[in-house]
Amino acid sequence: MNLVRIINFRPLFYAFIAFLFGIVSAHRLFSGDLLYIILTITSFLVLIVGCLLYKKWVPIVLLISMFFIGTGFYYLGLSTFMGKPYEGKQEVVARVTDDISENDYYYNLVLEDCFIGGESAKGISLSVRKDDDKIFNTGDIISFYSYVDQVKLFELGSFNSYYLRDKTAYSATIDSSDVFAVSGDVKLDEKIRKAIRDLLYSNMTEENAGTAYAVLTGDKTNLDSQVKEIYRQSGIIHLLTVSGLHISFLAGVLAFIFNKLKINRVVNLIITAGILLFYCYICGFTPSVVRATIMGLVLICAPLFAREYDSLTSLGVAGFIILLISPLSGLDASFLMSFSSVVAIFLLYKPFEKMLGKVLPKYFAGTISVSISAQIGILPYIASFWQDLNFLSFLVNIIVIPFFGFLFILLFASVIISFIPYLGIILKLSDWGFSGIYYVAEFFANTRAKIDLRPFDVITTAMIYVCMFTVSYFVMLSAKIKGAIIACLISILSVYALTNNIVPVKFSSSVTYLTCYDYESLFLTNKSGEVLYIGNDFYYLQEEWLYFNKISNVDYFVAVDTSWKSGDNFLTASREYKAKEIICCQDNFTNGIEEKVINSNAPHFVGDFLVEYIYKNAEYVGLKIDFDNNSIFFASNQNLSYNSYTYMANEISKESFDVVFLGKREYYASNFQGSNIIVAKYNANEVDASYSKNGNITIDLVNNLIRSID
């Protein structure tokens, strides 16, 4: 017996896994993350023991070498991506890409071909405050003066892949009136995407057009938030990201057509490769599309070289190509989810199909096996990002995927045909198709067959993947031995989870101040363990902080200013985090049963917190919070009248606060004698902080966090 007979060794695939692990763990290891250190040492020990027992040294040399090469590529990718720092305001001239989004207050632009201070520079993520009627278009050449800051790729323990995907090493914020813009040229891929978008929106409903555009290009900027949430809750969110499923449908149709036309394999490969690469170009060469395209081309190429197609090897080749070009892609959540789902299908599909095939028809056994395998593969990401799992998702996929395959090809062909004048009406068929998928997804999304999940740490995630690998046919051991190994691993994992959960939790007074440009909010925790949220809205920044701190419940939501149109977000978040009450100072902010309206200018107990809305002349001036012998003032960012401003300066400032959060109103700072002032400086993209004078409270500051999970 030797190692080769126990493990069906695929050098390229395992080398890729070691290389990827080196990239993923480099930042954690050198920042002293204990769990990653333990996992790395354990992995090395297992490799060494295995090679000593079976006297196979090539695998350990290969894998350890690739691990350290991977860590080196991480730092190479980091140094290549990050631009040089700039101090003070800079003159910026850049081109606006077609990555443009907006809300009621901002344009968010991705800039390329940038010149900062006259020097060629990396891309910029620009937020433009709307203070005039200026509109920005793809291809515009804009110029402005602003502080330009290096982006933060790591925040709250997470990798901000948004910057990497958009190739933006800098961020800036400016008023639209301070930006000078002239029209410029639009690139070919931008013209194609715009033409596709225009066709879809001209011939389909707005919701279905946004869905169809995401399905075709992977761009979810215009995707309706409710549609996205329904797809996520039902377990078919993967349909909205161009991946192996889409590429396989497209490649399958091309293969069918070429076989009918009796085109030889070489010509077939050349034409298929050309079409798939052009499709990658339209989709912006996202990792999932590139991975699927490379694997498809390897499948087509294999017979030309008299080779049998090997799934894991082709996956390793695709992974290496992506990571050699862009090492930091190994930290991108979408990249990891894409590869994890495919690996899980390769590992678990056959065992599940064999088991289910005994009681189900072949088609259903195969479809369910693919769905369950993929769900297990991305389970750690579901637990971390969404924290719930729909048990009926495999059933949704059985119903939807066959129809979606037909619909995707129909949509693809219809878009091409619709470029012929007066034939856009054919897109109505796709419109009806996406409506049908939405109704099915909505039905399953509203079922109660769901379970809440806690985020998995790296040790738990690693154990899950080891169990998956053990079950697969790539480990050539008897079923009894595999069962014993898995039982042992599950026992170890159970003890590990139990040990983590029985550690006593000690609560202390803490305040977290989160800022994102013109918006700020607070999380307060008291010694009783209660969590209170204060803000005008609730979105990714708050979710990221809660995820990082492993907080699944927020006891109270306090709306700072009910004039904001954010009641729906508040209500959704309060229910997701199981809040006891939503505190407001005016009726009908959320229209939820959790809403409790309290009088202004009077203190009210909210749990063990004492909260007071301070109004003057019907204008919100600020919020006062007392808890655990600490007193906090959270100032309004609204434009106040002279009387209210005077009240703020003369009356509120007479009180002694432990901490005062002033946001943009730094000119109030001199009025608060004896208090520590925390001021958000948006132009400098940073927060000035001083800590509580009495030492009884911990203050954390988080600013300008951007997170993207597709």
# chains A, B, ... in the order shown; residues from 1 in each chain; ligands from 1

call {"tool": "residues_around", "arguments": {"residues": "Cys585 (chain A)", "least_positions_apart": "5", "cutoff": "7 Å", "atoms": "only C-alpha atoms", "output": "PyMOL selection string"}}
result
chain A and resi 597-600

call {"tool": "write_last_selection", "arguments": {"atoms": "N, CA and C atoms", "output": "PDB file, in the first residue's frame"}}
result
ATOM      1  N   VAL A 597     -43.124  54.764  19.790  1.00  0.00           N
ATOM      2  CA  VAL A 597     -42.909  56.208  19.688  1.00  0.00           C
ATOM      3  C   VAL A 597     -42.772  56.791  21.089  1.00  0.00           C
ATOM      4  N   ILE A 598     -41.711  57.551  21.320  1.00  0.00           N
ATOM      5  CA  ILE A 598     -41.501  58.190  22.620  1.00  0.00           C
ATOM      6  C   ILE A 598     -41.452  59.707  22.442  1.00  0.00           C
ATOM      7  N   ASN A 599     -41.794  60.407  23.469  1.00  0.00           N
ATOM      8  CA  ASN A 599     -41.810  61.864  23.418  1.00  0.00           C
ATOM      9  C   ASN A 599     -40.401  62.421  23.358  1.00  0.00           C
ATOM     10  N   SER A 600     -40.267  63.570  22.681  1.00  0.00           N
ATOM     11  CA  SER A 600     -38.960  64.241  22.637  1.00  0.00           C
ATOM     12  C   SER A 600     -38.784  65.097  23.879  1.00  0.00           C
TER      13      SER A 600
END

call {"tool": "residues_around", "arguments": {"residues": "region 160-172 of chain A", "least_positions_apart": "6", "cutoff": "9 Å", "atoms": "only C-alpha atoms", "output": "VMD selection string"}}
result
chain A and resid 81 to 83 85 99 110 to 112 121 to 128 146 to 154 286 328 to 329 331 to 334 683 to 685 705 to 709

call {"tool": "select_by_dssp", "arguments": {"residues": "region 70-202 of chain A", "states": "alpha helix (DSSP H)", "output": "PyMOL selection string"}}
result
chain A and resi 70-81+161-166+188-202

call {"tool": "write_last_selection", "arguments": {"atoms": "C-alpha atoms", "output": "short mmCIF file (atom, residue, chain, number, x, y, z; two decimals), in the first residue's frame"}}
result
data_model
loop_
_atom_site.label_atom_id
_atom_site.label_comp_id
_atom_site.auth_asym_id
_atom_site.auth_seq_id
_atom_site.Cartn_x
_atom_site.Cartn_y
_atom_site.Cartn_z
CA GLY A 70 1.47 31.65 -2.65
CA THR A 71 2.34 33.86 0.35
CA GLY A 72 4.95 35.58 -1.82
CA PHE A 73 2.39 36.17 -4.58
CA TYR A 74 0.03 37.69 -2.02
CA TYR A 75 2.56 40.39 -1.19
CA LEU A 76 3.43 40.77 -4.87
CA GLY A 77 -0.26 41.27 -5.69
CA LEU A 78 -0.67 43.71 -2.81
CA SER A 79 2.31 45.84 -3.84
CA THR A 80 1.22 45.77 -7.49
CA PHE A 81 -2.35 46.79 -6.72
CA SER A 161 -13.08 42.93 -2.96
CA TYR A 162 -15.11 45.85 -4.36
CA TYR A 163 -11.89 47.77 -4.95
CA LEU A 164 -10.08 44.82 -6.52
CA ARG A 165 -12.87 44.06 -9.00
CA ASP A 166 -13.07 47.69 -10.07
CA LEU A 188 -16.45 48.71 -27.35
CA ASP A 189 -17.40 46.56 -24.36
CA GLU A 190 -19.18 49.54 -22.78
CA LYS A 191 -21.12 50.15 -26.00
CA ILE A 192 -22.17 46.50 -26.13
CA ARG A 193 -23.27 46.45 -22.49
CA LYS A 194 -25.23 49.69 -22.96
CA ALA A 195 -26.89 48.36 -26.09
CA ILE A 196 -27.87 45.16 -24.26
CA ARG A 197 -29.17 47.15 -21.30
CA ASP A 198 -31.21 49.47 -23.54
CA LEU A 199 -32.74 46.54 -25.42
CA LEU A 200 -33.73 44.79 -22.21
CA TYR A 201 -35.26 47.84 -20.55
CA SER A 202 -37.12 48.79 -23.75
#

call {"tool": "atom_distance", "arguments": {"atom1": "CA of Ser472 (chain A)", "atom2": "CA of Tyr363 (chain A)"}}
result
20.6 Å

call {"tool": "residues_around", "arguments": {"residues": "region 36-44 of chain A", "least_positions_apart": "2", "cutoff": "12 Å", "atoms": "only C-alpha atoms", "output": "PyMOL selection string"}}
result
chain A and resi 18+21-22+24-34+46-51+59-61+63-65+67-68+457-463+466

call {"tool": "residues_around", "arguments": {"residues": "Asn446 (chain A)", "least_positions_apart": "6", "cutoff": "12 Å", "atoms": "only C-alpha atoms", "output": "ChimeraX atom specification"}}
result
/A:229-235,390,392-393,439-440

call {"tool": "atom_distance", "arguments": {"atom1": "CA of Tyr105 (chain A)", "atom2": "CA of Val554 (chain A)"}}
result
27.5 Å

call {"tool": "residues_around", "arguments": {"residues": "Phe278 (chain A)", "least_positions_apart": "5", "cutoff": "12 Å", "atoms": "only C-alpha atoms", "output": "list in words"}}
result
Leu188, Asp189, Ile192, Thr217, Ile271, Thr272, Ala273, Cys283, Gly284, Phe285, Val289, Val290 and Thr293 of chain A

call {"tool": "closest_residue", "arguments": {"among": "A:Thr173, A:Ser311, A:Ser521, A:Gln90", "to": "Glu119 (chain A)", "atoms": "only C-alpha atoms"}}
result
A:Gln90

call {"tool": "residues_around", "arguments": {"residues": "Arg575 (chain A)", "least_positions_apart": "3", "cutoff": "12 Å", "atoms": "only C-alpha atoms", "output": "PyMOL selection string"}}
result
chain A and resi 552-557+568-572+578-582+590+592-595

call {"tool": "atom_distance", "arguments": {"atom1": "CA of Ser373 (chain A)", "atom2": "CA of Ser341 (chain A)"}}
result
7.3 Å

call {"tool": "residues_around", "arguments": {"residues": "Ser338 (chain A)", "least_positions_apart": "3", "cutoff": "12 Å", "atoms": "only C-alpha atoms", "output": "VMD selection string"}}
result
chain A and resid 238 to 239 241 to 245 286 to 292 315 318 to 319 329 to 330 332 to 335 341 to 345 374 to 375 377 to 378 381 709 to 710

call {"tool": "closest_residue", "arguments": {"among": "A:Ser340, A:Thr205, A:Phe249, A:Val92", "to": "Phe180 (chain A)", "atoms": "only C-alpha atoms"}}
result
A:Val92

call {"tool": "closest_residue", "arguments": {"among": "A:Asn617, A:Ser143, A:Ser384, A:Asn397", "to": "Ser369 (chain A)", "atoms": "only C-alpha atoms"}}
result
A:Asn397

call {"tool": "decode", "arguments": {"residues": "region 177-189 of chain A", "atoms": "N, CA and C atoms", "output": "PDB file, in the first residue's frame"}}
result
ATOM      1  N   SER A 177     -20.682  70.046  -7.903  1.00  0.00           N
ATOM      2  CA  SER A 177     -20.416  71.385  -8.438  1.00  0.00           C
ATOM      3  C   SER A 177     -18.924  71.657  -8.586  1.00  0.00           C
ATOM      4  N   ASP A 178     -18.099  70.854  -7.949  1.00  0.00           N
ATOM      5  CA  ASP A 178     -16.648  71.035  -8.022  1.00  0.00           C
ATOM      6  C   ASP A 178     -15.987  70.147  -9.070  1.00  0.00           C
ATOM      7  N   VAL A 179     -16.821  69.441  -9.858  1.00  0.00           N
ATOM      8  CA  VAL A 179     -16.303  68.542 -10.889  1.00  0.00           C
ATOM      9  C   VAL A 179     -16.560  69.153 -12.259  1.00  0.00           C
ATOM     10  N   PHE A 180     -15.511  69.226 -13.068  1.00  0.00           N
ATOM     11  CA  PHE A 180     -15.640  69.682 -14.454  1.00  0.00           C
ATOM     12  C   PHE A 180     -15.613  68.458 -15.352  1.00  0.00           C
ATOM     13  N   ALA A 181     -16.609  68.328 -16.253  1.00  0.00           N
ATOM     14  CA  ALA A 181     -16.720  67.135 -17.093  1.00  0.00           C
ATOM     15  C   ALA A 181     -16.935  67.502 -18.554  1.00  0.00           C
ATOM     16  N   VAL A 182     -16.278  66.740 -19.448  1.00  0.00           N
ATOM     17  CA  VAL A 182     -16.508  66.855 -20.883  1.00  0.00           C
ATOM     18  C   VAL A 182     -16.729  65.456 -21.442  1.00  0.00           C
ATOM     19  N   SER A 183     -17.469  65.361 -22.525  1.00  0.00           N
ATOM     20  CA  SER A 183     -17.761  64.058 -23.125  1.00  0.00           C
ATOM     21  C   SER A 183     -16.495  63.438 -23.702  1.00  0.00           C
ATOM     22  N   GLY A 184     -16.425  62.104 -23.624  1.00  0.00           N
ATOM     23  CA  GLY A 184     -15.282  61.375 -24.166  1.00  0.00           C
ATOM     24  C   GLY A 184     -15.739  60.150 -24.926  1.00  0.00           C
ATOM     25  N   ASP A 185     -14.797  59.332 -25.355  1.00  0.00           N
ATOM     26  CA  ASP A 185     -15.107  58.139 -26.140  1.00  0.00           C
ATOM     27  C   ASP A 185     -15.603  57.011 -25.242  1.00  0.00           C
ATOM     28  N   VAL A 186     -16.504  56.194 -25.790  1.00  0.00           N
ATOM     29  CA  VAL A 186     -17.023  55.013 -25.105  1.00  0.00           C
ATOM     30  C   VAL A 186     -16.372  53.779 -25.721  1.00  0.00           C
ATOM     31  N   LYS A 187     -15.866  52.871 -24.885  1.00  0.00           N
ATOM     32  CA  LYS A 187     -15.163  51.682 -25.375  1.00  0.00           C
ATOM     33  C   LYS A 187     -16.149  50.656 -25.922  1.00  0.00           C
ATOM     34  N   LEU A 188     -15.615  49.700 -26.682  1.00  0.00           N
ATOM     35  CA  LEU A 188     -16.448  48.715 -27.350  1.00  0.00           C
ATOM     36  C   LEU A 188     -17.279  47.906 -26.359  1.00  0.00           C
ATOM     37  N   ASP A 189     -16.647  47.375 -25.319  1.00  0.00           N
ATOM     38  CA  ASP A 189     -17.402  46.556 -24.364  1.00  0.00           C
ATOM     39  C   ASP A 189     -18.470  47.385 -23.657  1.00  0.00           C
TER      40      ASP A 189
END
